[in-house]
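Here's the structure, in structure tokens; my notes come after.
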Amino acid sequence: MTTGLNRRNVLGGATAAAIGLPVLAACGSDEPDSATDPTSSTPSGSERPTTGDGAESGAAALAATGDIPVGGCAVFSEHKIVVTQPTEGDFKAFTSVCTHQGCTVSASTDGVIPCGCHGSEFSIEDGSVLQGPATSPLSEVEISVDGDTITLA
């Protein structure tokens with residue numbers, strides 16, 4: 001009995017490889033690996049906003065007070081901050097990263113901070129969850145208002 005390679009064995013091995021590799025590839029995930037994804041190693045709400053220049057705090061000008069609608073909010077993605085104006089002249093800021101799965105929240109004029117990914121809504125008053133699936137509030141960020149300029153505190 002010989003055990004050399006013959007046409008039948010070669011074609012059988014090639015067929016198995018041609019079928020097996022795509023099946024194995026389909027078993028993978030398009031999601032980033034949690035070991036290399038910085039937003040998955042800590043709760044999203046605990047991420048610290050940045051000034052955009054590599055520093056974690058400082059007096060970075062965010063916006064003019066007129067840019068923030070009364071009863072709404074504006075998002076500053078480069079700083080990971082959402083600034084709200086619940087009532088005329090009262091400005092608050094929170095992290096703009098949804099605590100559900102790390103999406104960036106959206107600007108709004110209807111009294112809530114909405115997350116377009118899965119429908120969570122947060123209070124413009126205190127960042128608390130108004131509607132899930134998020135269960136944790138947005139973290140407050142200190143800002144200061146000087147005249148008509150809003151800056152990071």
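Here, A, B, ... name the chains of the structure tokens in the order displayed, residue numbers run from 1 inside each chain, and ligands are numbered from 1 in the same displayed order.
The protein and nucleic acid residues lying at most 12 Å from Asp67 of chain A are Leu62, Ala63, Ala64, Thr65, Pro69, Val70, Gly72, Cys73, Ala74, Val75, Phe76, Val82, Val83, Thr84, Gln85, Gly89, Phe91, Ala107, Ser108, Thr109, Asp148, Thr149 and Ile150 of chain A, with only C-alpha atoms considered and sequence neighbours fewer than 2 positions away removed.
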Residues from last step as file, C-alpha atoms, as a short mmCIF file (atom, residue, chain, number, x, y, z; two decimals), in the first residue's frame:
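Okay, this is what ended up in selection_27.cif:
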data_model
loop_
_atom_site.label_atom_id
_atom_site.label_comp_id
_atom_site.auth_asym_id
_atom_site.auth_seq_id
_atom_site.Cartn_x
_atom_site.Cartn_y
_atom_site.Cartn_z
CA LEU A 62 -15.44 75.88 23.81
CA ALA A 63 -18.08 78.21 22.44
CA ALA A 64 -19.94 81.45 22.70
CA THR A 65 -22.98 81.40 24.97
CA PRO A 69 -29.75 76.85 22.56
CA VAL A 70 -31.92 77.51 25.62
CA GLY A 72 -30.97 72.29 24.43
CA CYS A 73 -27.34 71.35 23.98
CA ALA A 74 -24.36 71.48 21.65
CA VAL A 75 -21.71 68.78 21.29
CA PHE A 76 -17.97 69.47 21.07
CA VAL A 82 -21.76 68.38 25.56
CA VAL A 83 -22.74 71.84 26.85
CA THR A 84 -26.34 72.47 27.86
CA GLN A 85 -28.41 75.55 28.69
CA GLY A 89 -28.00 81.93 31.22
CA PHE A 91 -24.79 76.53 31.39
CA ALA A 107 -27.02 68.14 19.78
CA SER A 108 -30.62 68.91 20.61
CA THR A 109 -33.12 71.70 21.16
CA ASP A 148 -20.21 85.35 26.33
CA THR A 149 -17.36 82.79 26.27
CA ILE A 150 -17.65 79.26 27.66
#
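Around Pro133 of chain A, within 9 Å and counting only C-alpha atoms, the residues found are A:His100, A:His118, A:Gly119, A:Ser120, A:Glu121, once anything fewer than 6 positions away on its own chain is removed.
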In Å and to one decimal, atom CA of Pro86 of chain A is distant from atom CA of Ser128 of chain A by 13.3 Å
Of A:Thr95, A:Ser123, A:Thr15, A:Asn6, the one nearest to Val141 of chain A when counting only C-alpha atoms is A:Thr95
Between atom CA of Cys103 of chain A and atom CA of Thr135 of chain A, what is the distance, to one decimal in Å?
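Between these atoms lies a distance of 14.2 Å.
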Quote the spacing between atom CA of Gln101 of chain A and atom CA of Thr87 of chain A in Å to one decimal place.
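Those two atoms sit 29.0 Å apart.
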Nearest-residue call for Glu78 of chain A, choices A:Val97, A:Val10, A:Val145, A:Ile113, using only C-alpha atoms:
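Closest to Glu78 of chain A of all the choices is A:Val97.
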